[in-house]
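Asker: What follows is work.cif; its format and atoms are mmCIF, C-alpha atoms.
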data_target
#
loop_
_atom_site.label_atom_id
_atom_site.label_comp_id
_atom_site.auth_asym_id
_atom_site.auth_seq_id
_atom_site.Cartn_x
_atom_site.Cartn_y
_atom_site.Cartn_z
CA MET A 1 -20.58 277.16 40.73
CA GLU A 2 -23.86 276.25 42.43
CA GLU A 3 -26.12 279.07 43.53
CA ARG A 4 -26.51 277.51 46.99
CA THR A 5 -22.73 277.43 47.46
CA LEU A 6 -22.42 281.11 46.56
CA ARG A 7 -25.26 282.10 48.86
CA SER A 8 -23.66 280.21 51.74
CA ALA A 9 -20.30 281.84 51.06
CA ARG A 10 -21.91 285.26 50.99
CA VAL A 11 -23.68 284.67 54.31
CA ALA A 12 -20.44 283.41 55.86
CA THR A 13 -18.65 286.54 54.69
CA PHE A 14 -21.33 288.67 56.30
CA VAL A 15 -20.75 286.74 59.53
CA TYR A 16 -17.01 287.46 59.50
CA PHE A 17 -17.60 291.17 58.91
CA VAL A 18 -20.05 291.27 61.83
CA LEU A 19 -17.55 289.32 63.92
CA CYS A 20 -14.75 291.77 63.14
CA GLY A 21 -16.95 294.74 63.99
CA THR A 22 -18.09 293.10 67.21
CA LEU A 23 -14.58 292.27 68.38
CA MET A 24 -13.29 295.79 67.72
CA GLY A 25 -16.43 297.35 69.16
CA THR A 26 -16.17 295.25 72.32
CA TRP A 27 -12.64 296.54 72.85
CA VAL A 28 -13.66 300.15 72.17
CA VAL A 29 -16.53 300.22 74.66
CA HIS A 30 -14.22 298.80 77.33
CA ILE A 31 -11.46 301.39 76.86
CA PRO A 32 -12.40 303.43 79.99
CA ALA A 33 -12.46 300.32 82.20
CA VAL A 34 -9.18 299.01 80.74
CA GLU A 35 -7.57 302.43 81.26
CA ALA A 36 -8.60 302.45 84.92
CA ARG A 37 -7.47 298.84 85.50
CA ALA A 38 -4.03 299.48 84.00
CA GLY A 39 -3.67 302.79 85.84
CA VAL A 40 -2.69 304.86 82.81
CA SER A 41 -3.49 308.48 81.98
CA HIS A 42 -5.39 309.65 78.92
CA ALA A 43 -2.13 310.82 77.36
CA THR A 44 -0.44 307.46 77.94
CA LEU A 45 -3.44 305.61 76.57
CA GLY A 46 -3.29 307.74 73.45
CA GLY A 47 0.28 306.63 72.88
CA LEU A 48 -0.61 302.99 73.52
CA LEU A 49 -3.41 303.15 70.97
CA VAL A 50 -0.79 304.01 68.36
CA LEU A 51 0.68 300.55 69.01
CA LEU A 52 -2.70 299.00 68.29
CA GLY A 53 -2.73 300.82 64.95
CA LEU A 54 0.82 299.78 64.11
CA GLY A 55 0.01 296.18 64.98
CA ALA A 56 -3.07 296.31 62.73
CA PHE A 57 -1.02 297.68 59.84
CA ALA A 58 1.54 294.88 60.22
CA GLY A 59 -1.22 292.27 60.41
CA MET A 60 -2.81 293.61 57.23
CA GLN A 61 0.42 293.21 55.27
CA ALA A 62 0.99 289.67 56.55
CA ALA A 63 -2.61 288.64 55.82
CA GLY A 64 -2.43 289.82 52.22
CA ARG A 65 0.57 287.65 51.39
CA LEU A 66 -0.79 284.60 53.20
CA SER A 67 -4.24 284.95 51.60
CA ASP A 68 -2.62 284.84 48.15
CA ARG A 69 -0.40 281.91 49.09
CA LEU A 70 -2.75 279.72 51.15
CA GLY A 71 -6.16 281.06 50.13
CA ALA A 72 -8.71 283.07 52.09
CA ARG A 73 -10.57 279.87 53.03
CA VAL A 74 -7.59 278.85 55.15
CA VAL A 75 -6.47 282.26 56.39
CA LEU A 76 -9.86 283.79 57.22
CA PRO A 77 -11.04 281.22 59.82
CA ALA A 78 -7.59 281.19 61.41
CA SER A 79 -7.55 284.98 61.65
CA GLY A 80 -11.05 284.97 63.15
CA VAL A 81 -10.01 282.48 65.84
CA LEU A 82 -6.76 284.30 66.65
CA CYS A 83 -8.37 287.73 66.79
CA SER A 84 -11.13 286.39 69.05
CA ALA A 85 -8.55 284.78 71.34
CA ALA A 86 -6.50 288.00 71.47
CA LEU A 87 -9.53 290.06 72.54
CA VAL A 88 -9.11 289.01 76.17
CA LEU A 89 -5.53 290.32 76.37
CA PRO A 90 -6.28 294.05 76.86
CA GLY A 91 -8.57 293.20 79.79
CA LEU A 92 -5.80 291.52 81.80
CA PRO A 93 -2.93 294.02 82.28
CA ARG A 94 -2.47 296.13 85.40
CA ASP A 95 0.44 298.19 84.08
CA PRO A 96 1.17 300.13 80.88
CA TRP A 97 3.90 297.79 79.60
CA THR A 98 1.80 294.66 79.49
CA LEU A 99 -1.12 296.68 78.10
CA ALA A 100 1.18 297.87 75.31
CA GLY A 101 1.99 294.27 74.39
CA ALA A 102 -1.66 293.24 74.58
CA LEU A 103 -2.75 296.04 72.26
CA LEU A 104 0.03 295.29 69.79
CA VAL A 105 -1.03 291.62 69.57
CA PHE A 106 -4.75 292.38 69.39
CA GLY A 107 -4.13 295.04 66.75
CA PHE A 108 -2.06 292.62 64.67
CA PHE A 109 -4.74 289.93 64.54
CA ASN A 110 -7.52 292.47 64.04
CA GLY A 111 -5.70 293.79 60.97
CA PHE A 112 -5.13 290.18 59.88
CA LEU A 113 -8.86 289.48 60.09
CA ASP A 114 -9.74 292.74 58.34
CA VAL A 115 -7.72 292.01 55.21
CA SER A 116 -8.48 288.29 55.02
CA MET A 117 -12.25 288.89 55.18
CA ASN A 118 -11.99 291.60 52.51
CA ALA A 119 -9.91 289.24 50.34
CA HIS A 120 -12.62 286.59 50.58
CA ALA A 121 -15.28 289.22 49.92
CA VAL A 122 -13.49 289.99 46.65
CA HIS A 123 -13.70 286.29 45.67
CA VAL A 124 -17.42 286.25 46.47
CA GLU A 125 -17.99 289.40 44.44
CA LYS A 126 -16.14 287.89 41.46
CA ALA A 127 -18.29 284.76 41.67
CA TYR A 128 -21.49 286.82 41.77
CA ASP A 129 -20.25 288.95 38.87
CA ARG A 130 -21.95 292.01 40.34
CA PRO A 131 -21.20 294.43 43.19
CA VAL A 132 -21.74 293.04 46.70
CA MET A 133 -18.81 294.58 48.59
CA SER A 134 -20.54 297.62 50.11
CA ALA A 135 -23.13 295.50 51.93
CA PHE A 136 -20.32 293.58 53.64
CA HIS A 137 -18.87 296.84 54.93
CA ALA A 138 -22.30 297.93 56.15
CA THR A 139 -22.59 294.85 58.36
CA PHE A 140 -19.30 295.74 60.07
CA SER A 141 -21.28 298.54 61.76
CA VAL A 142 -23.80 295.98 62.97
CA GLY A 143 -21.00 294.43 64.99
CA GLY A 144 -20.48 297.74 66.79
CA VAL A 145 -24.14 297.79 67.82
CA ILE A 146 -23.89 294.21 69.10
CA ALA A 147 -20.77 295.12 71.08
CA ALA A 148 -22.52 298.08 72.72
CA LEU A 149 -25.47 295.92 73.75
CA VAL A 150 -23.19 293.19 75.14
CA ALA A 151 -21.13 295.73 77.07
CA ALA A 152 -24.23 297.35 78.54
CA GLY A 153 -25.55 293.99 79.71
CA ALA A 154 -22.18 292.97 81.15
CA ALA A 155 -21.78 296.26 82.99
CA SER A 156 -25.23 295.97 84.56
CA ALA A 157 -24.32 292.44 85.69
CA GLY A 158 -21.12 293.73 87.29
CA LEU A 159 -18.75 291.67 85.12
CA SER A 160 -15.11 292.71 84.85
CA PRO A 161 -13.58 293.71 81.50
CA ALA A 162 -11.48 290.53 81.47
CA VAL A 163 -14.56 288.33 81.87
CA THR A 164 -16.58 290.18 79.23
CA LEU A 165 -13.72 290.33 76.73
CA GLY A 166 -12.85 286.67 77.36
CA ALA A 167 -16.44 285.46 76.98
CA SER A 168 -16.93 287.51 73.82
CA GLY A 169 -13.69 286.14 72.42
CA ALA A 170 -14.71 282.56 73.17
CA VAL A 171 -18.01 283.02 71.34
CA GLY A 172 -16.12 284.62 68.47
CA MET A 173 -13.80 281.61 68.16
CA VAL A 174 -16.78 279.27 67.83
CA ILE A 175 -18.42 281.50 65.21
CA ALA A 176 -15.20 281.73 63.19
CA LEU A 177 -14.81 277.95 63.12
CA VAL A 178 -18.45 277.14 62.36
CA SER A 179 -18.60 279.64 59.49
CA ALA A 180 -15.44 278.27 57.84
CA ARG A 181 -17.23 275.39 56.11
CA SER A 182 -19.23 277.80 53.91
CA LEU A 183 -16.27 279.75 52.53
CA LEU A 184 -15.38 279.46 48.86
CA PRO A 185 -12.64 276.98 47.99
CA SER A 186 -9.33 278.62 47.17
CA ALA A 187 -7.27 277.90 44.10
CA PRO A 188 -3.56 277.20 44.68
CA ALA A 189 -1.33 280.22 44.29
CA PRO A 190 0.12 280.42 40.73
CA GLU A 191 3.72 280.19 41.94
CA LEU A 192 2.94 276.94 43.82
CA VAL A 193 1.29 275.43 40.74
CA ALA A 194 4.24 276.44 38.58
CA ARG A 195 6.69 274.95 41.04
CA ALA A 196 4.77 271.66 41.15
CA GLU A 197 4.82 271.49 37.35
CA GLY A 198 8.48 272.38 37.12
CA ALA A 199 7.81 275.70 35.43
CA GLU A 200 8.55 279.27 36.32
CA ALA A 201 6.03 281.42 38.11
CA PRO A 202 4.11 283.84 35.91
CA ALA A 203 6.02 287.00 35.24
CA GLY A 204 3.18 289.09 36.62
CA ASN A 205 3.85 287.72 40.11
CA ARG A 206 7.49 288.78 40.03
CA ARG A 207 6.98 292.37 39.05
CA GLY A 208 6.34 295.14 41.53
CA THR A 209 3.00 296.51 42.61
CA PRO A 210 1.27 298.36 39.72
CA GLY A 211 1.08 302.12 40.04
CA SER A 212 -2.71 301.98 39.92
CA ILE A 213 -2.74 300.05 43.20
CA TRP A 214 -0.72 302.75 44.90
CA ILE A 215 -3.12 305.37 43.54
CA LEU A 216 -6.01 303.38 45.00
CA ALA A 217 -4.12 303.24 48.30
CA VAL A 218 -3.61 307.02 48.37
CA LEU A 219 -7.29 307.59 47.59
CA ALA A 220 -8.24 305.17 50.37
CA ALA A 221 -5.99 307.10 52.77
CA MET A 222 -7.71 310.38 51.88
CA VAL A 223 -11.23 308.97 52.16
CA MET A 224 -10.51 307.15 55.42
CA LEU A 225 -8.73 310.21 56.85
CA ALA A 226 -11.98 312.10 56.27
CA GLU A 227 -13.96 309.30 57.92
CA GLY A 228 -11.63 309.20 60.93
CA ALA A 229 -11.91 312.96 61.35
CA ALA A 230 -15.70 312.74 61.39
CA ASN A 231 -15.62 310.01 64.03
CA ASP A 232 -13.63 312.12 66.50
CA TRP A 233 -14.57 315.73 65.72
CA GLY A 234 -18.20 315.70 64.58
CA ALA A 235 -19.79 316.04 68.02
CA LEU A 236 -17.19 318.59 69.18
CA HIS A 237 -17.92 320.73 66.14
CA LEU A 238 -21.60 320.99 67.00
CA LYS A 239 -20.93 321.61 70.69
CA ASN A 240 -17.97 324.01 70.56
CA ILE A 241 -18.58 325.86 67.29
CA LEU A 242 -22.38 325.97 67.05
CA GLY A 243 -23.12 325.86 70.78
CA ALA A 244 -25.34 322.79 70.68
CA PRO A 245 -26.07 320.96 73.97
CA ALA A 246 -24.07 317.78 74.48
CA SER A 247 -27.16 315.64 73.93
CA THR A 248 -27.85 317.38 70.61
CA ALA A 249 -24.20 317.35 69.54
CA ALA A 250 -24.10 313.55 69.81
CA PHE A 251 -26.64 313.36 67.00
CA GLY A 252 -24.11 314.96 64.65
CA TYR A 253 -22.05 311.80 64.61
CA GLY A 254 -25.26 309.79 64.68
CA ALA A 255 -26.42 311.47 61.46
CA PHE A 256 -23.05 310.75 59.85
CA ALA A 257 -22.97 307.08 60.96
CA ALA A 258 -26.60 306.38 60.06
CA ALA A 259 -26.17 307.91 56.61
CA MET A 260 -22.97 305.95 56.02
CA THR A 261 -24.61 302.64 56.96
CA THR A 262 -27.64 303.40 54.79
CA GLY A 263 -25.41 304.38 51.88
CA ARG A 264 -23.44 301.15 52.07
CA LEU A 265 -26.63 299.13 51.98
CA LEU A 266 -27.62 300.93 48.78
CA ALA A 267 -24.22 301.34 47.10
CA ASP A 268 -24.05 297.85 45.58
CA ARG A 269 -27.22 298.38 43.57
CA ILE A 270 -26.07 301.83 42.48
CA SER A 271 -22.67 300.46 41.49
CA GLY A 272 -24.29 297.62 39.58
CA ARG A 273 -26.37 300.06 37.57
CA PHE A 274 -24.00 302.99 37.06
CA GLY A 275 -20.59 301.46 37.76
CA PRO A 276 -18.04 301.82 40.59
CA LEU A 277 -16.48 304.92 39.01
CA ALA A 278 -19.78 306.79 39.34
CA VAL A 279 -20.15 305.72 42.98
CA LEU A 280 -16.65 306.92 43.84
CA ARG A 281 -16.76 310.17 41.85
CA HIS A 282 -20.26 311.33 42.72
CA GLY A 283 -19.95 310.03 46.28
CA ALA A 284 -16.79 312.07 46.82
CA ILE A 285 -18.47 315.16 45.35
CA MET A 286 -21.45 314.67 47.68
CA ALA A 287 -19.09 314.25 50.63
CA ALA A 288 -17.24 317.44 49.68
CA ALA A 289 -20.52 319.35 49.53
CA GLY A 290 -21.68 317.88 52.85
CA ILE A 291 -18.57 318.69 54.88
CA THR A 292 -18.46 322.18 53.36
CA ILE A 293 -22.05 322.81 54.47
CA ALA A 294 -21.21 321.55 57.97
CA ALA A 295 -18.08 323.72 58.10
CA VAL A 296 -19.57 327.05 57.04
CA SER A 297 -23.19 326.85 58.19
CA PRO A 298 -24.16 328.83 61.33
CA TRP A 299 -27.29 326.71 61.83
CA ILE A 300 -27.38 323.44 63.73
CA TRP A 301 -30.03 321.91 61.47
CA ALA A 302 -27.92 322.65 58.40
CA ALA A 303 -24.87 321.10 60.08
CA PHE A 304 -26.89 317.91 60.63
CA VAL A 305 -27.72 317.89 56.92
CA GLY A 306 -24.05 318.45 56.08
CA TRP A 307 -22.84 315.60 58.27
CA ALA A 308 -25.49 313.28 56.83
CA LEU A 309 -24.47 314.15 53.25
CA PHE A 310 -20.84 313.67 54.22
CA GLY A 311 -21.53 310.15 55.52
CA LEU A 312 -23.76 309.25 52.59
CA GLY A 313 -21.14 310.39 50.10
CA LEU A 314 -18.24 308.60 51.77
CA SER A 315 -20.23 305.39 52.31
CA GLY A 316 -19.56 303.76 48.95
CA CYS A 317 -16.03 305.04 48.36
CA VAL A 318 -13.89 302.62 50.39
CA PRO A 319 -15.73 299.46 49.23
CA GLN A 320 -15.17 300.48 45.59
CA LEU A 321 -11.45 301.01 46.22
CA PHE A 322 -11.04 297.67 48.03
CA SER A 323 -13.00 295.83 45.34
CA ALA A 324 -10.95 297.40 42.55
CA ALA A 325 -7.70 296.44 44.30
CA GLY A 326 -8.83 292.83 44.68
CA ARG A 327 -10.01 292.53 41.09
CA ALA A 328 -6.91 294.08 39.53
CA ASP A 329 -4.95 290.80 39.57
CA ALA A 330 -6.36 287.46 40.74
CA ALA A 331 -2.87 286.17 41.62
CA THR A 332 -2.12 289.02 44.02
CA ALA A 333 -5.61 289.98 45.17
CA GLY A 334 -4.83 289.60 48.87
CA ALA A 335 -1.59 291.57 48.69
CA ASN A 336 -3.25 294.35 46.71
CA VAL A 337 -6.14 294.59 49.18
CA SER A 338 -3.66 294.65 52.07
CA ARG A 339 -1.78 297.56 50.54
CA VAL A 340 -4.89 299.61 49.91
CA ALA A 341 -6.42 298.72 53.30
CA GLY A 342 -3.15 299.28 55.16
CA ILE A 343 -2.44 302.72 53.70
CA GLY A 344 -6.10 303.62 54.11
CA TYR A 345 -6.00 302.55 57.76
CA LEU A 346 -3.03 304.82 58.37
CA GLY A 347 -5.11 307.62 56.92
CA MET A 348 -7.97 306.87 59.33
CA LEU A 349 -5.57 306.86 62.28
CA SER A 350 -4.02 310.16 61.25
CA GLY A 351 -7.31 311.95 60.49
CA PRO A 352 -8.13 313.06 64.05
CA ALA A 353 -4.52 314.13 64.66
CA VAL A 354 -4.32 316.14 61.42
CA ILE A 355 -7.51 318.04 62.22
CA GLY A 356 -6.31 318.54 65.80
CA TRP A 357 -3.04 320.03 64.57
CA LEU A 358 -4.89 322.37 62.20
CA THR A 359 -6.98 323.71 65.09
CA HIS A 360 -3.79 325.37 66.37
CA LEU A 361 -3.86 327.49 63.21
CA VAL A 362 -7.56 327.92 62.37
CA ALA A 363 -10.97 327.30 63.92
CA LEU A 364 -12.22 323.70 63.99
CA ASN A 365 -14.89 324.27 61.36
CA HIS A 366 -12.37 325.88 59.02
CA ALA A 367 -10.04 322.90 59.51
CA PHE A 368 -12.78 320.73 58.03
CA LEU A 369 -12.21 322.44 54.67
CA LEU A 370 -9.13 320.19 54.32
CA LEU A 371 -11.59 317.31 54.08
CA THR A 372 -13.37 319.17 51.28
CA VAL A 373 -10.10 319.36 49.37
CA LEU A 374 -9.37 315.66 49.88
CA CYS A 375 -12.83 314.69 48.65
CA VAL A 376 -12.47 316.88 45.56
CA ILE A 377 -9.10 315.27 44.77
CA THR A 378 -10.68 311.83 45.17
CA ALA A 379 -13.46 312.74 42.74
CA ALA A 380 -10.95 314.07 40.22
CA ALA A 381 -8.82 310.90 40.44
CA ALA A 382 -11.75 308.45 40.33
CA GLY A 383 -10.94 307.61 36.73
CA VAL A 384 -8.24 305.24 37.99
CA LEU A 385 -11.05 302.71 38.56
CA ARG A 386 -11.62 302.56 34.81
CA GLY A 387 -8.09 301.32 34.15
CA VAL A 388 -8.16 298.84 37.05
CA SER A 389 -11.54 297.46 35.94
CA ASP A 390 -10.33 297.04 32.38
CA GLY A 391 -7.39 295.03 33.66
CA SER A 392 -9.59 292.72 35.71
CA ARG A 393 -11.77 291.38 32.92
CA GLU A 394 -9.64 288.28 32.51
CA VAL A 395 -9.85 287.08 36.11
CA ALA A 396 -13.21 285.38 35.72
CA ARG A 397 -12.12 283.19 32.83
CA GLY A 398 -10.98 279.63 33.10
CA GLY A 399 -13.76 278.11 35.18
CA ASP A 400 -17.44 277.97 35.90
CA ARG A 401 -18.20 281.51 37.00
CA SER A 402 -21.88 281.62 36.24
CA PRO A 403 -23.24 284.82 37.76
CA VAL A 404 -25.94 284.66 40.37
CA ARG A 405 -28.90 286.94 39.79
CA ASP A 406 -30.87 286.57 42.99
CA GLY A 407 -31.72 290.23 43.31
CA SER A 408 -30.73 290.25 46.96
#
For the file at hand, write its structure as structure tokens.
Answerer:
Amino acid sequence: MEERTLRSARVATFVYFVLCGTLMGTWVVHIPAVEARAGVSHATLGGLLVLLGLGAFAGMQAAGRLSDRLGARVVLPASGVLCSAALVLPGLPRDPWTLAGALLVFGFFNGFLDVSMNAHAVHVEKAYDRPVMSAFHATFSVGGVIAALVAAGAASAGLSPAVTLGASGAVGMVIALVSARSLLPSAPAPELVARAEGAEAPAGNRRGTPGSIWILAVLAAMVMLAEGAANDWGALHLKNILGAPASTAAFGYGAFAAAMTTGRLLADRISGRFGPLAVLRHGAIMAAAGITIAAVSPWIWAAFVGWALFGLGLSGCVPQLFSAAGRADAATAGANVSRVAGIGYLGMLSGPAVIGWLTHLVALNHAFLLLTVLCVITAAAAGVLRGVSDGSREVARGGDRSPVRDGS
């Protein structure tokens, strides 16, 4: 495969990750305005957001099957267009029922886009023959920054949520279509080839999901539960437990997010040198140490260090799990990614609720010790990557898969 083709495909994948982050971020920053427009309470909105999560989970499962059947080059642009179009829906309702439907639809296509872009990222990583997945995940955060800037500009101009969401969605549709030409071509699904040749589909496609994939899914759920807990409880920990001013407490999450983004920009090179198992195992150990420091330290400065170590440690874990799932079996890469991403997403959704429930029993900082336990379990189980990697060595055979060594 030509080096220029691979570079273009990699850039296009970056674009879809930024697009996904921007679309979700644009919705998130408009939640207060949407809540006021629909006339719902905080409690009602919390219940409606569950529908968004359920829709995303359903979309992830559908995208995995379609990516394997039709190819990510077909499914990814379509999911980008549909998710962009669905972005306007939450800005229109004036009652909770229509808002519920809007969030369910938007969640479905957002999950669809999430899995299809990760499935294509797996194909790009295989073609490069070296780790590139973590950098894709890092650029998702860039989309959140873009969304915040767009929302700030729209608010200062006095634009309504419907106008801002609609305009952002329209731009997203154009970007999704323009970027499609650079995606890697998809091979026909093995069962379709077998059917065309009058043969039976390979036996591997008829058997159930390997146990190693479910282990990866459970690990993803634990890691993403920890990440979700940090997103919602980091600032409150500094404010309520350590007595930090609100302005200072906000930097707790900032330290976590900045460290996570930095770690994902570096994780590919570390994985390429030491292997994905080392990134997952040592990253989980670092995360366990970081959240423990944040939980038990009485000093604000030490808590900042703990949250930063927590984010840095977690940063490379999810990309390694997604990459391993996609590389386990070329014929079911999309389905495997959808299972790991879907179960992991449920973990992220449940993280804030689990910590919140524990605060009825123990102090908030002591509840964080559950995250320590989950990170330690992840480190202990990291060896599953060795078995999955060994089973993926055959996927690159049968074609021109010359690795690209561009050092980027």
Asker: Which residue gives the smallest distance to Phe109 of chain A among A:Ala170, A:Val122, A:Ala148, A:Cys20, with only C-alpha atoms counted?
Answerer: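 Using only C-alpha atoms, Phe109 of chain A sits closest to A:Cys20.
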Asker: Within 10 Å of (-10.1, 317.1, 55.7), all atoms listed in the file: residues as a PyMOL selection string?
Answerer: chain A and resi 222-230+288+291+351-352+354-355+358+366-375
Asker: A:Gly342, A:Pro319, A:Gly334, A:Gly272: which is nearest Pro131 of chain A, counting only C-alpha atoms?
Answerer: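 Of A:Gly342, A:Pro319, A:Gly334, A:Gly272, the one nearest Pro131 of chain A is A:Gly272, counting only C-alpha atoms.
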Asker: Given the choices A:Ala325, A:Ala138, A:Val145, A:Met117, which gets closest to Gly211 of chain A if the distance is worked out from only C-alpha atoms?
Answerer: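 Using only C-alpha atoms, Gly211 of chain A sits closest to A:Ala325.
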Asker: One decimal, Å: what's the distance from atom CA of Asn110 of chain A over to atom CA of Arg327 of chain A, could you say?
Answerer: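 Atom-to-atom, atom CA of Asn110 of chain A and atom CA of Arg327 of chain A are spaced 23.1 Å apart.
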Asker: What is the atom CA of Ala255 of chain A-atom CA of Ile241 of chain A distance in Å, reported with one decimal?
Answerer: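 Between atom CA of Ala255 of chain A and atom CA of Ile241 of chain A the gap works out to 17.4 Å.
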Asker: Looking at A:Leu242, A:Leu183, A:Leu280, A:Leu48, which one is nearest to Ile377 of chain A, with distances taken over all atoms listed in the file?
Answerer: A:Leu280
Asker: As a PDB file with C-alpha atoms, keeping the file's coordinate frame, please: the residues near Leu216 of chain A (cut-off 8 Å, only C-alpha atoms, same-chain neighbours under 5 positions excluded).
Answerer:
ATOM      1  CA  LEU A 321     -11.450 301.010  46.220  1.00  0.00           C
ATOM      2  CA  ALA A 325      -7.700 296.440  44.300  1.00  0.00           C
ATOM      3  CA  VAL A 340      -4.890 299.610  49.910  1.00  0.00           C
ATOM      4  CA  VAL A 384      -8.240 305.240  37.990  1.00  0.00           C
TER       5      VAL A 384
END
Asker: Go through A:Ala86, A:Ala167, A:Met173, A:Val132 one by one, measure the shortest atom-to-atom distance of each to His120 of chain A using all atoms listed in the file, and give the residue with the smallest value.
Answerer: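 Using all atoms listed in the file, the shortest distance to His120 of chain A belongs to A:Val132.
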Asker: With the file shown as input, list the residues that the PyMOL selection byres ((chain A and resi 77) around 8) selects, as JSON, numbers by chain.
Answerer: {"A": [73, 74, 75, 76, 78, 79, 80, 81, 176, 177, 179, 180]}
Asker: When you draw a straight line from atom CA of Pro210 of chain A to atom CA of His282 of chain A, how long is it in Å?
Answerer: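 Rounded to one decimal, the two atoms are 25.3 Å apart.
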Asker: Name the residues in contact with Leu266 of chain A at a cut-off of 10 Å, using all atoms listed in the file, excluding same-chain residues fewer than 2 positions from it; report them as JSON, numbers by chain.
Answerer: {"A": [134, 135, 138, 260, 261, 262, 263, 264, 268, 269, 270, 271, 312, 315, 316]}
Asker: Quick one: residues within 10 Å of Ala382 of chain A, all atoms listed in the file counted, chain neighbours fewer than 4 positions away excluded, as a PDB file with C-alpha atoms, keeping the file's coordinate frame?
Answerer:
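Output (part_36.pdb):
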ATOM      1  CA  ILE A 215      -3.120 305.370  43.540  1.00  0.00           C
ATOM      2  CA  LEU A 216      -6.010 303.380  45.000  1.00  0.00           C
ATOM      3  CA  LEU A 219      -7.290 307.590  47.590  1.00  0.00           C
ATOM      4  CA  PRO A 276     -18.040 301.820  40.590  1.00  0.00           C
ATOM      5  CA  LEU A 277     -16.480 304.920  39.010  1.00  0.00           C
ATOM      6  CA  ALA A 278     -19.780 306.790  39.340  1.00  0.00           C
ATOM      7  CA  VAL A 279     -20.150 305.720  42.980  1.00  0.00           C
ATOM      8  CA  LEU A 280     -16.650 306.920  43.840  1.00  0.00           C
ATOM      9  CA  ARG A 281     -16.760 310.170  41.850  1.00  0.00           C
ATOM     10  CA  HIS A 282     -20.260 311.330  42.720  1.00  0.00           C
ATOM     11  CA  ALA A 284     -16.790 312.070  46.820  1.00  0.00           C
ATOM     12  CA  CYS A 317     -16.030 305.040  48.360  1.00  0.00           C
ATOM     13  CA  LEU A 321     -11.450 301.010  46.220  1.00  0.00           C
ATOM     14  CA  VAL A 376     -12.470 316.880  45.560  1.00  0.00           C
ATOM     15  CA  ILE A 377      -9.100 315.270  44.770  1.00  0.00           C
ATOM     16  CA  THR A 378     -10.680 311.830  45.170  1.00  0.00           C
ATOM     17  CA  ARG A 386     -11.620 302.560  34.810  1.00  0.00           C
TER      18      ARG A 386
END
Asker: For the PyMOL selection byres ((chain A and resi 142) around 12), applied here, can you spell out every residue it catches as number ranges by chain?
Answerer: A: 14-25, 135-141, 143-149, 257-258, 261-262, 265
Asker: Evaluating the PyMOL selection byres ((chain A and resi 296) around 10) on the displayed file yields which residues, as a PyMOL selection string?
Answerer: chain A and resi 291-295+297-299+302-303+306+365-366+368-369
Asker: Pick the closest to Ala72 of chain A from A:Leu89, A:Ala341, A:Ile285, A:Leu184: which is it, counting only C-alpha atoms?
Answerer: A:Leu184
